[in-house]
>>> print(open('input.pdb').read())   # PDB, C-alpha atoms
MODEL        1
ATOM      1  CA  GLN A  22      27.955 159.725  51.370  1.00  0.00           C
ATOM      2  CA  VAL A  23      25.896 156.652  52.289  1.00  0.00           C
ATOM      3  CA  ARG A  24      22.985 156.046  49.961  1.00  0.00           C
ATOM      4  CA  LEU A  25      20.234 153.429  50.332  1.00  0.00           C
ATOM      5  CA  VAL A  26      17.820 152.952  47.439  1.00  0.00           C
ATOM      6  CA  GLU A  27      14.734 150.780  47.856  1.00  0.00           C
ATOM      7  CA  SER A  28      12.804 149.195  45.011  1.00  0.00           C
ATOM      8  CA  GLY A  29      10.226 146.494  44.399  1.00  0.00           C
ATOM      9  CA  GLY A  30       7.134 148.017  45.941  1.00  0.00           C
ATOM     10  CA  GLU A  31       3.890 147.808  43.956  1.00  0.00           C
ATOM     11  CA  SER A  32       0.183 147.063  44.226  1.00  0.00           C
ATOM     12  CA  VAL A  33      -0.770 143.415  44.744  1.00  0.00           C
ATOM     13  CA  GLN A  34      -3.769 141.341  45.769  1.00  0.00           C
ATOM     14  CA  ALA A  35      -4.026 139.868  49.252  1.00  0.00           C
ATOM     15  CA  GLY A  36      -2.214 136.551  49.432  1.00  0.00           C
ATOM     16  CA  GLY A  37       0.367 137.653  46.902  1.00  0.00           C
ATOM     17  CA  SER A  38       4.123 138.083  47.251  1.00  0.00           C
ATOM     18  CA  LEU A  39       6.686 140.813  46.702  1.00  0.00           C
ATOM     19  CA  ARG A  40      10.433 141.110  47.101  1.00  0.00           C
ATOM     20  CA  LEU A  41      11.821 144.461  48.138  1.00  0.00           C
ATOM     21  CA  SER A  42      15.446 145.372  47.496  1.00  0.00           C
ATOM     22  CA  CYS A  43      17.693 147.974  49.108  1.00  0.00           C
ATOM     23  CA  ALA A  44      20.869 148.751  47.198  1.00  0.00           C
ATOM     24  CA  ALA A  45      23.587 150.348  49.306  1.00  0.00           C
ATOM     25  CA  SER A  46      26.386 152.602  48.159  1.00  0.00           C
ATOM     26  CA  GLU A  47      29.248 153.982  50.247  1.00  0.00           C
ATOM     27  CA  TYR A  48      28.139 151.428  52.872  1.00  0.00           C
ATOM     28  CA  THR A  49      28.933 147.751  53.192  1.00  0.00           C
ATOM     29  CA  VAL A  50      25.992 145.545  54.110  1.00  0.00           C
ATOM     30  CA  THR A  51      28.377 143.057  55.700  1.00  0.00           C
ATOM     31  CA  TYR A  52      28.858 145.282  58.698  1.00  0.00           C
ATOM     32  CA  ASP A  53      26.480 146.207  61.487  1.00  0.00           C
ATOM     33  CA  TYR A  54      22.708 145.936  61.526  1.00  0.00           C
ATOM     34  CA  MET A  55      20.306 146.637  58.714  1.00  0.00           C
ATOM     35  CA  ALA A  56      16.548 146.623  58.876  1.00  0.00           C
ATOM     36  CA  TRP A  57      13.244 147.185  57.136  1.00  0.00           C
ATOM     37  CA  PHE A  58      10.587 149.478  58.549  1.00  0.00           C
ATOM     38  CA  HIS A  59       7.124 150.400  57.356  1.00  0.00           C
ATOM     39  CA  GLN A  60       4.949 153.408  57.905  1.00  0.00           C
ATOM     40  CA  ALA A  61       1.264 153.755  57.101  1.00  0.00           C
ATOM     41  CA  PRO A  62      -0.363 157.207  56.806  1.00  0.00           C
ATOM     42  CA  GLY A  63      -0.947 158.714  60.223  1.00  0.00           C
ATOM     43  CA  LYS A  64       1.001 156.001  62.010  1.00  0.00           C
ATOM     44  CA  GLU A  65       4.478 155.703  63.491  1.00  0.00           C
ATOM     45  CA  ARG A  66       7.309 154.068  61.602  1.00  0.00           C
ATOM     46  CA  GLU A  67       7.475 150.449  62.781  1.00  0.00           C
ATOM     47  CA  GLY A  68      10.221 147.879  62.603  1.00  0.00           C
ATOM     48  CA  VAL A  69       9.480 144.914  60.348  1.00  0.00           C
ATOM     49  CA  ALA A  70      12.704 142.895  60.321  1.00  0.00           C
ATOM     50  CA  SER A  71      16.390 143.286  61.107  1.00  0.00           C
ATOM     51  CA  ILE A  72      19.568 141.381  60.290  1.00  0.00           C
ATOM     52  CA  ASP A  73      22.989 141.642  61.895  1.00  0.00           C
ATOM     53  CA  THR A  74      26.543 140.987  60.785  1.00  0.00           C
ATOM     54  CA  PHE A  75      26.171 137.262  61.509  1.00  0.00           C
ATOM     55  CA  ARG A  76      22.816 137.083  59.682  1.00  0.00           C
ATOM     56  CA  ASN A  77      20.852 136.733  62.900  1.00  0.00           C
ATOM     57  CA  THR A  78      17.355 137.970  62.190  1.00  0.00           C
ATOM     58  CA  ARG A  79      14.514 139.469  64.170  1.00  0.00           C
ATOM     59  CA  TYR A  80      10.920 140.024  63.052  1.00  0.00           C
ATOM     60  CA  ALA A  81       7.905 141.930  64.185  1.00  0.00           C
ATOM     61  CA  ARG A  82       5.207 139.580  65.439  1.00  0.00           C
ATOM     62  CA  SER A  83       2.833 140.716  62.693  1.00  0.00           C
ATOM     63  CA  VAL A  84       5.120 139.490  59.895  1.00  0.00           C
ATOM     64  CA  LYS A  85       6.860 136.503  61.455  1.00  0.00           C
ATOM     65  CA  ASP A  86       6.559 133.374  59.286  1.00  0.00           C
ATOM     66  CA  ARG A  87       5.440 135.514  56.307  1.00  0.00           C
ATOM     67  CA  PHE A  88       8.424 137.820  55.665  1.00  0.00           C
ATOM     68  CA  THR A  89      12.112 136.966  55.308  1.00  0.00           C
ATOM     69  CA  ILE A  90      14.994 139.439  55.523  1.00  0.00           C
ATOM     70  CA  SER A  91      18.280 138.590  53.809  1.00  0.00           C
ATOM     71  CA  LYS A  92      21.327 140.239  52.304  1.00  0.00           C
ATOM     72  CA  ASP A  93      23.676 139.575  49.424  1.00  0.00           C
ATOM     73  CA  ASN A  94      27.154 140.754  50.357  1.00  0.00           C
ATOM     74  CA  ALA A  95      28.441 140.445  46.789  1.00  0.00           C
ATOM     75  CA  LYS A  96      25.675 142.731  45.485  1.00  0.00           C
ATOM     76  CA  ASN A  97      25.744 144.902  48.607  1.00  0.00           C
ATOM     77  CA  THR A  98      21.969 144.623  48.732  1.00  0.00           C
ATOM     78  CA  LEU A  99      19.381 143.968  51.448  1.00  0.00           C
ATOM     79  CA  TYR A 100      16.144 142.136  50.633  1.00  0.00           C
ATOM     80  CA  LEU A 101      12.725 141.586  52.140  1.00  0.00           C
ATOM     81  CA  GLN A 102      10.714 138.668  50.791  1.00  0.00           C
ATOM     82  CA  MET A 103       7.062 139.261  51.604  1.00  0.00           C
ATOM     83  CA  ASN A 104       4.624 136.355  51.276  1.00  0.00           C
ATOM     84  CA  SER A 105       0.946 135.924  52.125  1.00  0.00           C
ATOM     85  CA  LEU A 106       0.482 139.677  51.994  1.00  0.00           C
ATOM     86  CA  LYS A 107      -2.441 141.207  53.846  1.00  0.00           C
ATOM     87  CA  PRO A 108      -4.194 144.576  53.375  1.00  0.00           C
ATOM     88  CA  GLU A 109      -2.741 145.673  56.728  1.00  0.00           C
ATOM     89  CA  ASP A 110       0.755 145.333  55.224  1.00  0.00           C
ATOM     90  CA  THR A 111      -0.020 148.369  53.077  1.00  0.00           C
ATOM     91  CA  ALA A 112       2.579 151.042  53.871  1.00  0.00           C
ATOM     92  CA  MET A 113       5.710 152.792  52.714  1.00  0.00           C
ATOM     93  CA  TYR A 114       8.656 150.480  53.324  1.00  0.00           C
ATOM     94  CA  TYR A 115      12.040 151.897  54.282  1.00  0.00           C
ATOM     95  CA  CYS A 116      15.503 150.391  54.459  1.00  0.00           C
ATOM     96  CA  ALA A 117      17.728 151.448  57.384  1.00  0.00           C
ATOM     97  CA  ALA A 118      21.385 150.865  58.204  1.00  0.00           C
ATOM     98  CA  ASP A 119      24.021 151.437  60.841  1.00  0.00           C
ATOM     99  CA  LEU A 120      22.991 151.433  64.467  1.00  0.00           C
ATOM    100  CA  GLY A 121      23.814 154.793  66.006  1.00  0.00           C
ATOM    101  CA  PRO A 122      23.714 156.177  69.539  1.00  0.00           C
ATOM    102  CA  GLY A 123      20.186 154.835  69.901  1.00  0.00           C
ATOM    103  CA  TRP A 124      21.332 151.224  69.540  1.00  0.00           C
ATOM    104  CA  ALA A 125      20.119 150.336  73.031  1.00  0.00           C
ATOM    105  CA  LEU A 126      16.548 150.924  71.875  1.00  0.00           C
ATOM    106  CA  GLY A 127      16.789 147.746  69.839  1.00  0.00           C
ATOM    107  CA  ALA A 128      17.214 146.758  66.218  1.00  0.00           C
ATOM    108  CA  LEU A 129      13.513 147.289  65.412  1.00  0.00           C
ATOM    109  CA  ASP A 130      13.338 150.816  66.800  1.00  0.00           C
ATOM    110  CA  HIS A 131      13.533 153.499  64.105  1.00  0.00           C
ATOM    111  CA  ARG A 132      15.444 155.830  66.444  1.00  0.00           C
ATOM    112  CA  ALA A 133      18.402 153.451  66.454  1.00  0.00           C
ATOM    113  CA  TYR A 134      19.523 153.929  62.829  1.00  0.00           C
ATOM    114  CA  ASN A 135      21.715 156.511  61.176  1.00  0.00           C
ATOM    115  CA  TYR A 136      20.914 155.971  57.500  1.00  0.00           C
ATOM    116  CA  TRP A 137      17.620 155.687  55.637  1.00  0.00           C
ATOM    117  CA  GLY A 138      16.395 155.169  52.117  1.00  0.00           C
ATOM    118  CA  GLN A 139      13.610 157.154  50.471  1.00  0.00           C
ATOM    119  CA  GLY A 140      11.061 154.334  50.701  1.00  0.00           C
ATOM    120  CA  THR A 141       9.032 152.169  48.333  1.00  0.00           C
ATOM    121  CA  GLN A 142       5.230 151.897  48.444  1.00  0.00           C
ATOM    122  CA  VAL A 143       3.506 148.559  48.994  1.00  0.00           C
ATOM    123  CA  THR A 144      -0.255 148.432  48.531  1.00  0.00           C
ATOM    124  CA  VAL A 145      -2.220 145.250  49.219  1.00  0.00           C
ATOM    125  CA  SER A 146      -5.841 145.109  48.151  1.00  0.00           C
ATOM    126  CA  SER A 147      -8.441 142.673  49.452  1.00  0.00           C
TER
ENDMDL
END
>>> encode(input="input.pdb", output="structure tokens")
Amino acid sequence: QVRLVESGGESVQAGGSLRLSCAASEYTVTYDYMAWFHQAPGKEREGVASIDTFRNTRYARSVKDRFTISKDNAKNTLYLQMNSLKPEDTAMYYCAADLGPGWALGALDHRAYNYWGQGTQVTVSS
């Protein structure tokens, strides 16, 4: 059974940095797309960044030039480096893997993925 476990979320001041991790089991990060999403209370889950088999990346406009998605194949782990954090980045952050039948919706659409982690909370205070 595929399991994705996120970690690294915490409370930080605006302008600070965090690195989120997503450890995968029964799934190899080398293959297919993986992505990070965030969801604030009362809002839809939104794509933050994605990475494909060839390490091509895509970012939401709101995080471009501040966040970096990467993966370590040896550790089977996905990362999200978050710099210059803003209060509007406050949300639960989720790791997703394996594009499913909804792949045509795009790598930053939450409906496209088969597997999800339980989330890690990021809170940015001003």
>>> closest_atom_pairs(input="input.pdb", of="segment 28-95 of chain A", to="segment 108-128 of chain A", cutoff="6 Å", atoms="only C-alpha atoms", output="tab-separated table")
residue	atom	partner	partner_atom	distance
A:Asp53	CA	A:Asp119	CA	5.8
A:Tyr54	CA	A:Asp119	CA	5.7
A:Met55	CA	A:Ala118	CA	4.4
A:Ala56	CA	A:Ala117	CA	5.2
A:Trp57	CA	A:Cys116	CA	4.7
A:Phe58	CA	A:Tyr115	CA	5.1
A:His59	CA	A:Tyr114	CA	4.3
A:Gln60	CA	A:Ala112	CA	5.2
A:Ala61	CA	A:Ala112	CA	4.4
>>> closest_residue(input="input.pdb", among="A:Gln34, A:Thr141, A:Thr98, A:Thr51", to="Thr74 of chain A", atoms="all atoms listed in the file")
A:Thr51
>>> residues_around(input="input.pdb", residues="Ala95 of chain A", least_positions_apart="5", cutoff="12 Å", atoms="only C-alpha atoms", output="PyMOL selection string")
chain A and resi 44-45+49-51
>>> resolve_selection(input="input.pdb", expression="the PyMOL selection byres ((chain A and resi 79) around 10)", output="MDAnalysis selection string")
chainID A and resid 56 68:73 76:78 80:82 85 89:90 128:129
>>> closest_residue(input="input.pdb", among="A:Leu101, A:Tyr52, A:Asp130, A:Lys107", to="Gly29 of chain A", atoms="only C-alpha atoms")
A:Leu101
>>> resolve_selection(input="input.pdb", expression="the PyMOL selection byres ((chain A and resi 26) around 7)", output="PDB file with C-alpha atoms, keeping the file's coordinate frame")
ATOM      1  CA  ARG A  24      22.985 156.046  49.961  1.00  0.00           C
ATOM      2  CA  LEU A  25      20.234 153.429  50.332  1.00  0.00           C
ATOM      3  CA  GLU A  27      14.734 150.780  47.856  1.00  0.00           C
ATOM      4  CA  SER A  28      12.804 149.195  45.011  1.00  0.00           C
ATOM      5  CA  CYS A  43      17.693 147.974  49.108  1.00  0.00           C
ATOM      6  CA  ALA A  44      20.869 148.751  47.198  1.00  0.00           C
ATOM      7  CA  ALA A  45      23.587 150.348  49.306  1.00  0.00           C
ATOM      8  CA  GLY A 138      16.395 155.169  52.117  1.00  0.00           C
ATOM      9  CA  GLN A 139      13.610 157.154  50.471  1.00  0.00           C
TER      10      GLN A 139
END
>>> closest_residue(input="input.pdb", among="A:Val23, A:Val33, A:Leu39, A:Val145", to="Asn104 of chain A", atoms="all atoms listed in the file")
A:Leu39
>>> closest_residue(input="input.pdb", among="A:Ser46, A:Ser147, A:Gln142, A:Gln102", to="Glu31 of chain A", atoms="only C-alpha atoms")
A:Gln142
>>> build_atoms(input="input.pdb", residues="segment 88-123 of chain A", atoms="N, CA and C atoms", output="short mmCIF file (atom, residue, chain, number, x, y, z; two decimals), in the frame of the given file")
data_model
loop_
_atom_site.label_atom_id
_atom_site.label_comp_id
_atom_site.auth_asym_id
_atom_site.auth_seq_id
_atom_site.Cartn_x
_atom_site.Cartn_y
_atom_site.Cartn_z
N PHE A 88 7.38 137.01 56.28
CA PHE A 88 8.42 137.82 55.66
C PHE A 88 9.79 137.23 56.00
N THR A 89 10.75 137.42 55.09
CA THR A 89 12.11 136.97 55.31
C THR A 89 13.08 138.06 54.90
N ILE A 90 13.96 138.45 55.82
CA ILE A 90 14.99 139.44 55.52
C ILE A 90 16.29 138.70 55.18
N SER A 91 17.01 139.21 54.20
CA SER A 91 18.28 138.59 53.81
C SER A 91 19.16 139.65 53.18
N LYS A 92 20.43 139.30 52.97
CA LYS A 92 21.33 140.24 52.30
C LYS A 92 22.30 139.47 51.42
N ASP A 93 22.69 140.12 50.35
CA ASP A 93 23.68 139.57 49.42
C ASP A 93 24.91 140.45 49.52
N ASN A 94 25.96 139.94 50.15
CA ASN A 94 27.15 140.75 50.36
C ASN A 94 27.82 141.11 49.03
N ALA A 95 27.79 140.19 48.08
CA ALA A 95 28.44 140.44 46.79
C ALA A 95 27.75 141.59 46.04
N LYS A 96 26.43 141.67 46.16
CA LYS A 96 25.68 142.73 45.48
C LYS A 96 25.46 143.93 46.39
N ASN A 97 25.91 143.82 47.64
CA ASN A 97 25.74 144.90 48.61
C ASN A 97 24.27 145.35 48.69
N THR A 98 23.41 144.37 48.80
CA THR A 98 21.97 144.62 48.73
C THR A 98 21.24 143.87 49.84
N LEU A 99 20.26 144.54 50.43
CA LEU A 99 19.38 143.97 51.45
C LEU A 99 18.06 143.64 50.78
N TYR A 100 17.42 142.54 51.21
CA TYR A 100 16.14 142.14 50.63
C TYR A 100 15.09 141.92 51.71
N LEU A 101 13.84 141.99 51.30
CA LEU A 101 12.72 141.59 52.14
C LEU A 101 11.76 140.81 51.27
N GLN A 102 11.68 139.50 51.49
CA GLN A 102 10.71 138.67 50.79
C GLN A 102 9.43 138.69 51.59
N MET A 103 8.35 139.10 50.94
CA MET A 103 7.06 139.26 51.60
C MET A 103 6.07 138.30 50.97
N ASN A 104 5.60 137.33 51.75
CA ASN A 104 4.62 136.35 51.28
C ASN A 104 3.31 136.49 52.03
N SER A 105 2.27 135.90 51.48
CA SER A 105 0.95 135.92 52.12
C SER A 105 0.58 137.34 52.57
N LEU A 106 0.72 138.28 51.66
CA LEU A 106 0.48 139.68 51.99
C LEU A 106 -0.96 139.93 52.38
N LYS A 107 -1.13 140.84 53.34
CA LYS A 107 -2.44 141.21 53.85
C LYS A 107 -2.66 142.70 53.61
N PRO A 108 -3.93 143.14 53.54
CA PRO A 108 -4.19 144.58 53.38
C PRO A 108 -3.51 145.42 54.46
N GLU A 109 -3.38 144.90 55.66
CA GLU A 109 -2.74 145.67 56.73
C GLU A 109 -1.24 145.82 56.55
N ASP A 110 -0.66 145.14 55.56
CA ASP A 110 0.76 145.33 55.22
C ASP A 110 0.96 146.58 54.36
N THR A 111 -0.12 147.18 53.91
CA THR A 111 -0.02 148.37 53.08
C THR A 111 0.69 149.49 53.81
N ALA A 112 1.76 150.01 53.24
CA ALA A 112 2.58 151.04 53.87
C ALA A 112 3.73 151.42 52.95
N MET A 113 4.43 152.49 53.32
CA MET A 113 5.71 152.79 52.71
C MET A 113 6.76 151.98 53.47
N TYR A 114 7.63 151.31 52.72
CA TYR A 114 8.66 150.48 53.32
C TYR A 114 10.02 151.14 53.16
N TYR A 115 10.75 151.22 54.26
CA TYR A 115 12.04 151.90 54.28
C TYR A 115 13.15 150.93 54.70
N CYS A 116 14.29 151.11 54.10
CA CYS A 116 15.50 150.39 54.46
C CYS A 116 16.30 151.29 55.41
N ALA A 117 16.91 150.69 56.43
CA ALA A 117 17.73 151.45 57.38
C ALA A 117 19.03 150.70 57.63
N ALA A 118 20.07 151.47 57.98
CA ALA A 118 21.38 150.86 58.20
C ALA A 118 22.16 151.61 59.29
N ASP A 119 23.05 150.86 59.92
CA ASP A 119 24.02 151.44 60.84
C ASP A 119 23.41 151.91 62.15
N LEU A 120 23.48 151.03 63.15
CA LEU A 120 22.99 151.43 64.47
C LEU A 120 23.83 152.59 65.00
N GLY A 121 23.14 153.61 65.47
CA GLY A 121 23.81 154.79 66.01
C GLY A 121 23.72 154.83 67.52
N PRO A 122 23.76 156.03 68.08
CA PRO A 122 23.71 156.18 69.54
C PRO A 122 22.46 155.58 70.17
N GLY A 123 21.43 155.40 69.38
CA GLY A 123 20.19 154.84 69.90
C GLY A 123 20.14 153.33 69.86
#
